[in-house]
file structure-v8.cif (mmCIF, C-alpha atoms)
data_query
#
loop_
_atom_site.label_atom_id
_atom_site.label_comp_id
_atom_site.auth_asym_id
_atom_site.auth_seq_id
_atom_site.Cartn_x
_atom_site.Cartn_y
_atom_site.Cartn_z
CA THR A 19 9.70 -10.38 67.68
CA CYS A 20 5.92 -10.27 67.39
CA GLU A 21 3.99 -8.54 64.63
CA LEU A 22 2.78 -5.84 67.02
CA CYS A 23 6.39 -4.90 67.82
CA GLN A 24 7.23 -4.78 64.12
CA VAL A 25 4.44 -2.32 63.29
CA SER A 26 4.93 -0.24 66.44
CA LYS A 27 8.71 0.04 66.74
CA SER A 28 9.90 0.35 63.14
CA THR A 29 12.81 2.76 62.71
CA VAL A 30 14.81 4.09 59.78
CA HIS A 31 18.03 2.16 59.18
CA PRO A 32 21.14 4.29 58.65
CA PRO A 33 22.02 4.48 54.96
CA LYS A 34 24.78 2.19 53.76
CA GLU A 35 27.74 3.54 51.85
CA SER A 36 27.32 3.13 48.11
CA LYS A 37 29.35 0.32 46.55
CA THR A 38 28.97 1.67 43.02
CA LEU A 39 32.28 1.70 41.12
CA THR A 40 32.76 3.32 37.73
CA SER A 41 35.74 3.00 35.41
CA ALA A 42 35.26 5.80 32.88
CA PRO A 43 33.68 9.24 32.42
CA LEU A 44 29.95 9.35 31.55
CA GLU A 45 29.38 5.81 32.83
CA LEU A 46 27.11 7.15 35.60
CA LEU A 47 25.60 10.62 35.88
CA HIS A 48 24.03 11.90 39.10
CA ILE A 49 21.42 14.59 38.46
CA ASP A 50 19.32 16.86 40.65
CA LEU A 51 17.43 20.14 40.53
CA PHE A 52 17.05 22.91 43.11
CA GLY A 53 14.58 25.79 43.23
CA PRO A 54 12.72 27.95 42.64
CA HIS A 55 15.03 30.66 43.88
CA LYS A 56 13.48 33.66 45.58
CA TYR A 57 15.25 36.10 43.26
CA VAL A 58 14.58 35.78 39.54
CA ASP A 59 17.66 36.14 37.36
CA ALA A 60 17.76 38.94 34.76
CA LYS A 61 17.23 36.28 32.08
CA GLY A 62 14.37 34.68 33.98
CA TYR A 63 16.26 31.77 35.52
CA ARG A 64 14.74 30.33 38.69
CA TYR A 65 16.18 26.81 39.01
CA THR A 66 19.62 25.24 39.35
CA PHE A 67 20.18 21.92 37.58
CA ILE A 68 23.36 19.93 38.23
CA ILE A 69 24.89 16.90 36.54
CA VAL A 70 27.77 15.14 38.32
CA ASP A 71 30.00 12.63 36.57
CA ASP A 72 30.58 9.76 39.00
CA PHE A 73 34.04 8.74 37.81
CA THR A 74 35.67 12.19 37.75
CA ARG A 75 33.31 14.12 40.04
CA PHE A 76 33.17 16.85 37.40
CA VAL A 77 30.00 18.90 37.88
CA ASN A 78 28.04 20.82 35.26
CA VAL A 79 25.76 23.56 36.57
CA TYR A 80 22.85 24.70 34.41
CA LEU A 81 20.28 27.43 34.99
CA LEU A 82 16.65 26.79 34.06
CA LYS A 83 13.58 28.96 33.76
CA GLN A 84 11.21 26.06 34.39
CA LYS A 85 11.53 22.57 35.84
CA SER A 86 10.27 21.10 32.60
CA ASP A 87 13.39 22.38 30.83
CA ALA A 88 15.49 19.76 32.63
CA THR A 89 14.72 16.95 30.16
CA VAL A 90 15.90 18.86 27.09
CA LYS A 91 18.92 20.23 28.96
CA LEU A 92 19.94 16.71 30.00
CA GLN A 93 19.59 15.39 26.45
CA ASN A 94 21.69 18.25 25.07
CA HIS A 95 24.31 17.67 27.76
CA ILE A 96 24.62 13.97 26.94
CA LYS A 97 24.86 14.66 23.21
CA ARG A 98 27.58 17.28 23.70
CA GLU A 99 29.66 15.26 26.16
CA GLU A 100 29.48 12.06 24.12
CA ARG A 101 30.65 14.10 21.14
CA ARG A 102 33.52 15.43 23.26
CA PHE A 103 34.79 11.91 23.92
CA SER A 104 33.89 10.49 20.50
CA VAL A 105 37.30 11.18 18.95
CA SER A 106 39.51 9.61 21.61
CA ASP A 107 37.92 7.33 24.20
CA LYS A 108 34.40 7.02 22.77
CA HIS A 109 32.77 7.10 26.22
CA LYS A 110 28.98 6.80 26.34
CA VAL A 111 26.42 7.48 29.04
CA VAL A 112 25.34 4.17 30.55
CA THR A 113 23.28 5.15 33.59
CA ILE A 114 21.68 8.26 35.06
CA ARG A 115 20.50 8.44 38.67
CA SER A 116 17.87 10.86 39.97
CA ASP A 117 15.04 11.28 42.44
CA ASN A 118 11.36 10.82 41.54
CA GLY A 119 10.64 14.43 40.62
CA GLY A 120 8.30 14.98 37.70
CA GLU A 121 11.08 16.76 35.82
CA PHE A 122 12.90 13.40 35.67
CA ARG A 123 10.08 10.85 35.73
CA ASN A 124 8.26 11.73 32.53
CA LEU A 125 7.43 10.12 29.21
CA ALA A 126 9.84 12.23 27.13
CA LEU A 127 12.88 11.26 29.23
CA GLN A 128 11.71 7.65 29.47
CA GLU A 129 11.47 7.33 25.69
CA TYR A 130 14.84 9.03 25.23
CA CYS A 131 16.57 6.62 27.61
CA GLN A 132 14.97 3.60 25.92
CA ARG A 133 15.98 4.86 22.49
CA GLU A 134 19.59 5.52 23.54
CA GLY A 135 19.96 2.40 25.69
CA ILE A 136 20.47 4.38 28.90
CA SER A 137 19.45 2.94 32.26
CA HIS A 138 17.60 5.43 34.49
CA GLN A 139 17.82 4.65 38.20
CA PHE A 140 15.33 6.29 40.58
CA THR A 141 15.49 6.64 44.33
CA VAL A 142 12.91 5.03 46.58
CA PRO A 143 10.32 7.72 47.45
CA HIS A 144 11.30 9.75 50.55
CA HIS A 145 14.83 8.29 50.56
CA LEU A 146 16.84 11.10 49.01
CA TYR A 147 20.11 9.72 50.36
CA GLN A 148 20.03 7.19 47.52
CA ASN A 149 20.83 10.14 45.26
CA GLY A 150 23.37 11.38 47.78
CA VAL A 151 26.08 12.47 45.36
CA ALA A 152 23.80 14.93 43.57
CA GLU A 153 22.24 16.07 46.85
CA ARG A 154 25.65 16.83 48.36
CA TYR A 155 26.78 18.72 45.27
CA ILE A 156 23.63 20.83 45.31
CA ARG A 157 24.41 21.67 48.92
CA SER A 158 28.06 22.47 48.15
CA VAL A 159 27.18 24.65 45.17
CA MET A 160 24.63 26.63 47.18
CA GLN A 161 26.95 27.00 50.18
CA ILE A 162 29.78 28.34 48.03
CA ALA A 163 27.45 30.66 46.12
CA ARG A 164 25.99 31.96 49.38
CA THR A 165 29.48 32.60 50.76
CA LEU A 166 30.56 34.47 47.63
CA LEU A 167 27.50 36.71 47.71
CA ASN A 168 27.59 37.39 51.46
CA ASP A 169 31.32 38.09 51.51
CA SER A 170 31.36 40.39 48.48
CA HIS A 171 27.92 41.98 49.06
CA VAL A 172 27.16 41.48 45.37
CA PRO A 173 23.38 41.99 44.88
CA MET A 174 21.24 38.87 45.22
CA CYS A 175 19.80 39.47 41.76
CA LEU A 176 23.16 38.19 40.45
CA TRP A 177 22.83 34.84 42.26
CA SER A 178 23.01 32.89 38.99
CA HIS A 179 26.57 34.07 38.34
CA ALA A 180 27.59 33.08 41.88
CA VAL A 181 26.07 29.62 41.35
CA ASN A 182 27.99 29.15 38.10
CA THR A 183 31.17 30.34 39.80
CA ALA A 184 30.65 27.78 42.57
CA GLY A 185 30.55 24.96 40.04
CA TYR A 186 33.58 26.41 38.25
CA LEU A 187 35.58 26.40 41.50
CA LEU A 188 34.46 22.92 42.61
CA ASN A 189 35.86 21.49 39.37
CA ARG A 190 39.24 23.03 40.16
CA TRP A 191 39.55 21.97 43.81
CA PRO A 192 41.03 18.64 44.96
CA CYS A 193 38.30 16.07 45.56
CA GLN A 194 38.67 13.46 48.29
CA ARG A 195 36.46 10.94 46.45
CA ILE A 196 38.98 10.72 43.58
CA GLN A 197 42.07 10.59 45.82
CA TYR A 198 42.41 14.38 45.89
CA ASP A 199 42.79 14.62 42.14
CA ILE A 200 41.31 17.63 40.31
CA PRO A 201 37.92 16.93 38.65
CA TYR A 202 38.71 19.26 35.75
CA ARG A 203 42.02 17.53 35.04
CA LYS A 204 40.52 14.06 35.37
CA TYR A 205 37.61 14.89 33.06
CA MET A 206 39.21 17.20 30.51
CA GLY A 207 42.75 15.84 30.62
CA LEU A 208 44.07 19.37 31.13
CA THR A 209 45.55 21.22 34.10
CA PRO A 210 43.41 24.22 35.15
CA ASP A 211 44.87 27.71 34.87
CA TYR A 212 44.73 28.96 38.45
CA LYS A 213 46.19 32.33 37.47
CA PHE A 214 42.85 33.00 35.83
CA LEU A 215 41.04 32.99 39.20
CA ARG A 216 40.09 36.31 40.79
CA ALA A 217 38.57 37.49 44.07
CA TYR A 218 34.81 37.46 43.69
CA GLY A 219 33.21 40.90 43.79
CA CYS A 220 36.44 42.86 43.39
CA ALA A 221 36.78 46.00 41.29
CA ALA A 222 37.39 45.33 37.61
CA TYR A 223 38.19 47.53 34.64
CA ALA A 224 37.24 46.08 31.26
CA ASN A 225 38.97 47.41 28.18
CA ILE A 226 36.67 49.07 25.64
CA PRO A 227 37.51 47.79 22.13
CA LEU A 228 38.74 50.57 19.83
CA PRO A 229 35.90 50.15 17.26
CA VAL A 230 33.23 50.95 19.87
CA ARG A 231 34.91 53.98 21.44
CA ASP A 232 33.37 57.36 20.67
CA SER A 233 36.72 59.01 19.94
CA LYS A 234 40.42 58.74 20.60
CA LEU A 235 39.91 60.82 23.74
CA SER A 236 37.19 58.55 25.13
CA PRO A 237 37.89 56.34 28.19
CA THR A 238 39.72 53.15 27.29
CA ALA A 239 38.06 51.04 30.00
CA VAL A 240 34.80 50.82 31.91
CA SER A 241 34.73 50.18 35.64
CA GLY A 242 32.69 47.32 37.04
CA VAL A 243 32.61 44.38 39.43
CA PHE A 244 33.91 40.88 38.79
CA VAL A 245 31.01 38.40 39.12
CA GLY A 246 32.19 35.19 37.47
CA TYR A 247 33.66 33.29 34.55
CA ASP A 248 32.31 32.88 31.05
CA LEU A 249 31.68 29.14 30.66
CA GLU A 250 31.58 29.29 26.85
CA ARG A 251 34.86 31.12 26.29
CA LYS A 252 37.97 32.04 28.27
CA ALA A 253 36.81 35.37 29.67
CA HIS A 254 35.69 37.04 32.87
CA LEU A 255 32.19 38.35 33.56
CA ILE A 256 32.04 41.99 34.62
CA TYR A 257 28.94 43.64 36.07
CA ASN A 258 28.40 47.30 35.22
CA PRO A 259 26.38 48.90 38.06
CA GLU A 260 25.52 51.92 35.89
CA ASN A 261 23.46 50.01 33.33
CA GLY A 262 22.92 46.73 35.16
CA GLN A 263 24.51 44.66 32.38
CA VAL A 264 26.95 41.76 32.70
CA VAL A 265 29.52 41.62 29.90
CA SER A 266 32.12 39.06 28.91
CA ALA A 267 35.59 40.60 28.75
CA ILE A 268 39.11 39.38 27.97
CA ASN A 269 41.32 42.40 28.65
CA VAL A 270 40.51 43.21 32.26
CA SER A 271 42.48 44.82 35.05
CA PHE A 272 41.54 43.82 38.60
CA ASN A 273 41.96 45.55 41.92
CA GLU A 274 41.54 42.74 44.43
CA ARG A 275 41.94 45.12 47.35
CA VAL A 276 38.77 47.03 46.49
CA PHE A 277 35.25 45.57 46.66
CA PRO A 278 32.75 48.17 45.42
CA PHE A 279 29.70 46.65 47.11
CA VAL A 280 31.39 46.42 50.52
CA THR A 281 30.43 49.70 52.18
CA ASP A 282 31.85 48.97 55.63
CA GLU A 283 34.97 51.13 55.90
CA LYS A 284 36.56 48.85 58.51
CA VAL A 285 36.23 45.85 56.22
CA GLN A 286 37.70 47.74 53.27
CA ASN A 287 40.63 48.89 55.39
CA SER A 288 41.33 45.35 56.60
CA ILE A 289 41.29 44.08 53.00
CA SER A 290 43.69 46.79 51.84
CA LYS A 291 46.22 45.71 54.49
CA ILE A 292 46.36 42.11 53.25
#
call {"tool": "encode", "arguments": {"input": "structure-v8.cif", "output": "structure tokens"}}
result
Amino acid sequence: TCELCQVSKSTVHPPKESKTLTSAPLELLHIDLFGPHKYVDAKGYRYTFIIVDDFTRFVNVYLLKQKSDATVKLQNHIKREERRFSVSDKHKVVTIRSDNGGEFRNLALQEYCQREGISHQFTVPHHLYQNGVAERYIRSVMQIARTLLNDSHVPMCLWSHAVNTAGYLLNRWPCQRIQYDIPYRKYMGLTPDYKFLRAYGCAAYANIPLPVRDSKLSPTAVSGVFVGYDLERKAHLIYNPENGQVVSAINVSFNERVFPFVTDEKVQNSISKI
């Protein structure tokens, strides 16, 4: 074809399926950032930062106040996860893959990767599909979080807990990319405890520890709403509508037939019949 045809009829070629194969955790990390969110979290969080392990498809979801926090968060993540595997398999991060955002293409991250011997792969500008794994996980996390909030009618100001819950659930669902294995089991070497899962937004009653009760005749539990899982300890997160606080609780009773924020009587009646 002539040069005129080349410059006048150029089209975008469909993306080819990635041929990248990994053989161990941490070998390749896909990273991406989404935000700012319209609603600011109570702690000031506005961005969602995800890190996906290519081999196990285990996803870590982090909340950031600023885009610039991504570099430090990534460094801390790598240090912690390499320490996790240092005793047994001694896995190390070899490559990270991201888009060309300033939160990833900066001098601090460049120097860190050079110092640690990590290869940083960037996408070609305007070709986000080259970071498709991270892009798809961002979409999945946001879709699940949106569904949890819309179904339970939990206030949008608690979006950060729904986002964390979405990542928590994705790690416990079968993943087609790893032959329908469970990311959590493949990454941690442990089988998830599915009995720990609860209906998002249901009524919850958190036990009040004896030392903080006013007297022996005081209530033994406080009523609230289940809004997620504590990622640092084995506990549930309970939102108290009276004071607007979210607390981490171990001894909790749940009523998964009652959803306090669902005001539609027909919906409540249909739930109670399940």
call {"tool": "residues_around", "arguments": {"input": "structure-v8.cif", "residues": "Gln128 (chain A)", "least_positions_apart": "4", "cutoff": "12 Å", "atoms": "only C-alpha atoms", "output": "number ranges by chain"}}
result
A: 89, 93, 114, 120-124, 132-140
call {"tool": "residues_around", "arguments": {"input": "structure-v8.cif", "residues": "Gly219 (chain A)", "least_positions_apart": "2", "cutoff": "9 Å", "atoms": "all atoms listed in the file", "output": "list in words"}}
result
Leu166, Leu167, Asp169, Ser170, His171, Val172, Arg216, Ala217, Ala221, Ala222, Val243, Phe244, Val245, Gly246, Glu274, Val276, Phe277, Pro278, Phe279 and Val280 of chain A
call {"tool": "resolve_selection", "arguments": {"input": "structure-v8.cif", "expression": "the PyMOL selection byres ((chain A and resi 194-201) around 9)", "output": "list in words"}}
result
Phe73, Thr74, Arg75, Phe76, Val77, Leu188, Asn189, Arg190, Trp191, Pro192, Cys193, Tyr202, Arg203, Lys204, Tyr205, Met206, Thr209 and Pro210 of chain A
call {"tool": "axis_aligned_box", "arguments": {"input": "structure-v8.cif", "around": "region 173-176 of chain A", "padding_each_side": "3 Å", "output": "AutoDock Vina command-line options"}}
result
--center_x 21.6 --center_y 40.1 --center_z 42.8 --size_x 9.6 --size_y 9.8 --size_z 10.8
call {"tool": "residues_around", "arguments": {"input": "structure-v8.cif", "residues": "Asp87 (chain A)", "least_positions_apart": "2", "cutoff": "12 Å", "atoms": "all atoms listed in the file", "output": "NGL selection string"}}
result
:A and (51 or 63-67 or 80-85 or 89-94 or 120-122 or 124 or 126-127)
call {"tool": "resolve_selection", "arguments": {"input": "structure-v8.cif", "expression": "the PyMOL selection byres ((chain A and resi 223) around 12)", "output": "number ranges by chain"}}
result
A: 220-222, 224-226, 237-244, 254-258, 265-274, 276
call {"tool": "resolve_selection", "arguments": {"input": "structure-v8.cif", "expression": "the PyMOL selection byres ((chain A and resi 45) around 7)", "output": "list of chain:residue names"}}
result
A:Thr40, A:Ala42, A:Pro43, A:Leu44, A:Leu46, A:Leu47, A:Lys110, A:Val111, A:Val112, A:Thr113
call {"tool": "atom_distance", "arguments": {"input": "structure-v8.cif", "atom1": "CA of Val181 (chain A)", "atom2": "CA of Ala88 (chain A)"}}
result
16.9 Å
call {"tool": "closest_residue", "arguments": {"input": "structure-v8.cif", "among": "A:Ser178, A:Ser41, A:Gly262, A:Tyr247", "to": "His55 (chain A)", "atoms": "only C-alpha atoms"}}
result
A:Ser178
call {"tool": "atom_distance", "arguments": {"input": "structure-v8.cif", "atom1": "CA of Arg115 (chain A)", "atom2": "CA of His48 (chain A)"}}
result
5.0 Å
call {"tool": "atom_distance", "arguments": {"input": "structure-v8.cif", "atom1": "CA of Leu228 (chain A)", "atom2": "CA of Phe214 (chain A)"}}
result
24.1 Å
call {"tool": "closest_residue", "arguments": {"input": "structure-v8.cif", "among": "A:Leu208, A:Val58, A:Ile68, A:Ala184", "to": "Ser158 (chain A)", "atoms": "all atoms listed in the file"}}
result
A:Ala184
call {"tool": "closest_residue", "arguments": {"input": "structure-v8.cif", "among": "A:Asp107, A:Ala163, A:Thr38, A:Cys175", "to": "Gln263 (chain A)", "atoms": "all atoms listed in the file"}}
result
A:Cys175
call {"tool": "closest_residue", "arguments": {"input": "structure-v8.cif", "among": "A:Lys213, A:Arg101, A:His179, A:Lys61", "to": "Val159 (chain A)", "atoms": "all atoms listed in the file"}}
result
A:His179
call {"tool": "decode", "arguments": {"input": "structure-v8.cif", "residues": "region 53-181 of chain A", "atoms": "C-alpha atoms", "output": "PDB file, in the first residue's frame"}}
result
ATOM      1  CA  GLY A  53      -9.512   7.791  42.180  1.00  0.00           C
ATOM      2  CA  PRO A  54     -10.139  10.284  43.550  1.00  0.00           C
ATOM      3  CA  HIS A  55     -13.423   9.022  44.917  1.00  0.00           C
ATOM      4  CA  LYS A  56     -16.270  11.497  45.230  1.00  0.00           C
ATOM      5  CA  TYR A  57     -16.807  10.669  48.899  1.00  0.00           C
ATOM      6  CA  VAL A  58     -13.885  11.203  51.263  1.00  0.00           C
ATOM      7  CA  ASP A  59     -13.409   8.435  53.817  1.00  0.00           C
ATOM      8  CA  ALA A  60     -13.592   9.303  57.529  1.00  0.00           C
ATOM      9  CA  LYS A  61      -9.802   8.909  57.668  1.00  0.00           C
ATOM     10  CA  GLY A  62      -9.294  11.048  54.587  1.00  0.00           C
ATOM     11  CA  TYR A  63      -8.798   8.270  52.037  1.00  0.00           C
ATOM     12  CA  ARG A  64      -9.588   9.204  48.438  1.00  0.00           C
ATOM     13  CA  TYR A  65      -7.736   6.654  46.290  1.00  0.00           C
ATOM     14  CA  THR A  66      -7.733   2.883  45.844  1.00  0.00           C
ATOM     15  CA  PHE A  67      -4.372   1.237  45.148  1.00  0.00           C
ATOM     16  CA  ILE A  68      -4.235  -2.436  44.147  1.00  0.00           C
ATOM     17  CA  ILE A  69      -1.364  -4.896  43.810  1.00  0.00           C
ATOM     18  CA  VAL A  70      -2.071  -8.209  42.049  1.00  0.00           C
ATOM     19  CA  ASP A  71       0.299 -11.158  42.248  1.00  0.00           C
ATOM     20  CA  ASP A  72       0.480 -12.689  38.767  1.00  0.00           C
ATOM     21  CA  PHE A  73       1.143 -16.286  39.801  1.00  0.00           C
ATOM     22  CA  THR A  74      -1.596 -16.643  42.427  1.00  0.00           C
ATOM     23  CA  ARG A  75      -3.906 -13.772  41.432  1.00  0.00           C
ATOM     24  CA  PHE A  76      -3.953 -12.703  45.076  1.00  0.00           C
ATOM     25  CA  VAL A  77      -4.912  -9.030  45.299  1.00  0.00           C
ATOM     26  CA  ASN A  78      -3.973  -6.523  47.990  1.00  0.00           C
ATOM     27  CA  VAL A  79      -6.191  -3.451  48.243  1.00  0.00           C
ATOM     28  CA  TYR A  80      -4.793  -0.316  49.872  1.00  0.00           C
ATOM     29  CA  LEU A  81      -6.439   3.021  50.592  1.00  0.00           C
ATOM     30  CA  LEU A  82      -4.467   6.218  50.019  1.00  0.00           C
ATOM     31  CA  LYS A  83      -5.006   9.846  50.904  1.00  0.00           C
ATOM     32  CA  GLN A  84      -2.840  11.091  48.036  1.00  0.00           C
ATOM     33  CA  LYS A  85      -1.508   9.595  44.813  1.00  0.00           C
ATOM     34  CA  SER A  86       2.026  10.292  45.950  1.00  0.00           C
ATOM     35  CA  ASP A  87       1.577   7.801  48.801  1.00  0.00           C
ATOM     36  CA  ALA A  88       1.643   4.924  46.300  1.00  0.00           C
ATOM     37  CA  THR A  89       5.451   4.702  46.128  1.00  0.00           C
ATOM     38  CA  VAL A  90       5.937   4.254  49.876  1.00  0.00           C
ATOM     39  CA  LYS A  91       2.977   1.874  50.089  1.00  0.00           C
ATOM     40  CA  LEU A  92       4.443  -0.289  47.314  1.00  0.00           C
ATOM     41  CA  GLN A  93       7.852  -0.390  48.988  1.00  0.00           C
ATOM     42  CA  ASN A  94       6.303  -1.387  52.315  1.00  0.00           C
ATOM     43  CA  HIS A  95       4.223  -4.059  50.591  1.00  0.00           C
ATOM     44  CA  ILE A  96       7.261  -5.603  48.896  1.00  0.00           C
ATOM     45  CA  LYS A  97       9.261  -5.586  52.125  1.00  0.00           C
ATOM     46  CA  ARG A  98       6.454  -7.254  54.083  1.00  0.00           C
ATOM     47  CA  GLU A  99       5.654  -9.905  51.480  1.00  0.00           C
ATOM     48  CA  GLU A 100       9.293 -10.812  50.880  1.00  0.00           C
ATOM     49  CA  ARG A 101       9.636 -11.210  54.642  1.00  0.00           C
ATOM     50  CA  ARG A 102       6.563 -13.466  54.616  1.00  0.00           C
ATOM     51  CA  PHE A 103       8.228 -15.860  52.174  1.00  0.00           C
ATOM     52  CA  SER A 104      11.760 -15.483  53.560  1.00  0.00           C
ATOM     53  CA  VAL A 105      11.493 -18.447  55.934  1.00  0.00           C
ATOM     54  CA  SER A 106      10.225 -21.070  53.496  1.00  0.00           C
ATOM     55  CA  ASP A 107      10.424 -20.358  49.772  1.00  0.00           C
ATOM     56  CA  LYS A 108      12.479 -17.146  49.799  1.00  0.00           C
ATOM     57  CA  HIS A 109      10.481 -15.606  46.942  1.00  0.00           C
ATOM     58  CA  LYS A 110      11.541 -12.144  45.776  1.00  0.00           C
ATOM     59  CA  VAL A 111       9.858  -9.512  43.634  1.00  0.00           C
ATOM     60  CA  VAL A 112      11.386  -9.625  40.159  1.00  0.00           C
ATOM     61  CA  THR A 113       9.143  -7.363  38.075  1.00  0.00           C
ATOM     62  CA  ILE A 114       6.391  -4.814  38.614  1.00  0.00           C
ATOM     63  CA  ARG A 115       4.101  -3.655  35.813  1.00  0.00           C
ATOM     64  CA  SER A 116       2.190  -0.363  35.788  1.00  0.00           C
ATOM     65  CA  ASP A 117       0.921   2.436  33.589  1.00  0.00           C
ATOM     66  CA  ASN A 118       2.758   5.737  33.089  1.00  0.00           C
ATOM     67  CA  GLY A 119       1.074   7.651  35.904  1.00  0.00           C
ATOM     68  CA  GLY A 120       3.263  10.051  37.848  1.00  0.00           C
ATOM     69  CA  GLU A 121       2.627   8.044  41.009  1.00  0.00           C
ATOM     70  CA  PHE A 122       4.601   5.193  39.394  1.00  0.00           C
ATOM     71  CA  ARG A 123       7.017   6.977  37.063  1.00  0.00           C
ATOM     72  CA  ASN A 124       9.033   8.999  39.545  1.00  0.00           C
ATOM     73  CA  LEU A 125      12.605   9.242  40.750  1.00  0.00           C
ATOM     74  CA  ALA A 126      11.972   7.704  44.183  1.00  0.00           C
ATOM     75  CA  LEU A 127      10.465   4.512  42.745  1.00  0.00           C
ATOM     76  CA  GLN A 128      13.079   4.376  39.984  1.00  0.00           C
ATOM     77  CA  GLU A 129      15.933   4.511  42.490  1.00  0.00           C
ATOM     78  CA  TYR A 130      14.242   1.922  44.703  1.00  0.00           C
ATOM     79  CA  CYS A 131      13.857  -0.538  41.820  1.00  0.00           C
ATOM     80  CA  GLN A 132      17.488  -0.048  40.757  1.00  0.00           C
ATOM     81  CA  ARG A 133      18.696  -0.561  44.313  1.00  0.00           C
ATOM     82  CA  GLU A 134      16.642  -3.733  44.812  1.00  0.00           C
ATOM     83  CA  GLY A 135      17.238  -5.147  41.330  1.00  0.00           C
ATOM     84  CA  ILE A 136      13.557  -4.969  40.361  1.00  0.00           C
ATOM     85  CA  SER A 137      12.517  -4.507  36.736  1.00  0.00           C
ATOM     86  CA  HIS A 138       9.743  -1.933  36.263  1.00  0.00           C
ATOM     87  CA  GLN A 139       7.696  -2.422  33.107  1.00  0.00           C
ATOM     88  CA  PHE A 140       5.561   0.469  31.829  1.00  0.00           C
ATOM     89  CA  THR A 141       2.725   0.422  29.341  1.00  0.00           C
ATOM     90  CA  VAL A 142       2.938   2.297  26.062  1.00  0.00           C
ATOM     91  CA  PRO A 143       1.125   5.645  26.534  1.00  0.00           C
ATOM     92  CA  HIS A 144      -2.623   5.403  25.795  1.00  0.00           C
ATOM     93  CA  HIS A 145      -2.492   1.581  25.673  1.00  0.00           C
ATOM     94  CA  LEU A 146      -3.871   0.655  29.080  1.00  0.00           C
ATOM     95  CA  TYR A 147      -4.644  -2.898  27.971  1.00  0.00           C
ATOM     96  CA  GLN A 148      -0.947  -3.671  28.420  1.00  0.00           C
ATOM     97  CA  ASN A 149      -1.637  -3.414  32.146  1.00  0.00           C
ATOM     98  CA  GLY A 150      -4.829  -5.386  31.686  1.00  0.00           C
ATOM     99  CA  VAL A 151      -4.605  -7.556  34.793  1.00  0.00           C
ATOM    100  CA  ALA A 152      -4.522  -4.569  37.140  1.00  0.00           C
ATOM    101  CA  GLU A 153      -7.160  -2.724  35.106  1.00  0.00           C
ATOM    102  CA  ARG A 154      -9.552  -5.677  35.285  1.00  0.00           C
ATOM    103  CA  TYR A 155      -9.026  -6.094  39.015  1.00  0.00           C
ATOM    104  CA  ILE A 156      -9.734  -2.413  39.600  1.00  0.00           C
ATOM    105  CA  ARG A 157     -12.969  -2.872  37.674  1.00  0.00           C
ATOM    106  CA  SER A 158     -13.889  -6.031  39.601  1.00  0.00           C
ATOM    107  CA  VAL A 159     -13.151  -4.450  42.974  1.00  0.00           C
ATOM    108  CA  MET A 160     -15.252  -1.388  42.169  1.00  0.00           C
ATOM    109  CA  GLN A 161     -18.128  -3.448  40.753  1.00  0.00           C
ATOM    110  CA  ILE A 162     -18.281  -5.653  43.844  1.00  0.00           C
ATOM    111  CA  ALA A 163     -18.007  -2.667  46.188  1.00  0.00           C
ATOM    112  CA  ARG A 164     -20.764  -0.857  44.288  1.00  0.00           C
ATOM    113  CA  THR A 165     -23.005  -3.934  44.500  1.00  0.00           C
ATOM    114  CA  LEU A 166     -22.428  -4.305  48.243  1.00  0.00           C
ATOM    115  CA  LEU A 167     -23.276  -0.660  48.899  1.00  0.00           C
ATOM    116  CA  ASN A 168     -26.319  -0.526  46.612  1.00  0.00           C
ATOM    117  CA  ASP A 169     -27.759  -3.801  47.889  1.00  0.00           C
ATOM    118  CA  SER A 170     -27.286  -3.047  51.594  1.00  0.00           C
ATOM    119  CA  HIS A 171     -27.934   0.728  51.374  1.00  0.00           C
ATOM    120  CA  VAL A 172     -24.893   1.289  53.585  1.00  0.00           C
ATOM    121  CA  PRO A 173     -23.977   5.021  53.386  1.00  0.00           C
ATOM    122  CA  MET A 174     -21.526   5.967  50.641  1.00  0.00           C
ATOM    123  CA  CYS A 175     -19.226   7.545  53.224  1.00  0.00           C
ATOM    124  CA  LEU A 176     -18.281   3.956  54.153  1.00  0.00           C
ATOM    125  CA  TRP A 177     -17.128   3.113  50.607  1.00  0.00           C
ATOM    126  CA  SER A 178     -13.597   2.296  51.797  1.00  0.00           C
ATOM    127  CA  HIS A 179     -14.847  -0.655  53.852  1.00  0.00           C
ATOM    128  CA  ALA A 180     -16.824  -1.961  50.872  1.00  0.00           C
ATOM    129  CA  VAL A 181     -13.700  -1.708  48.691  1.00  0.00           C
TER     130      VAL A 181
END
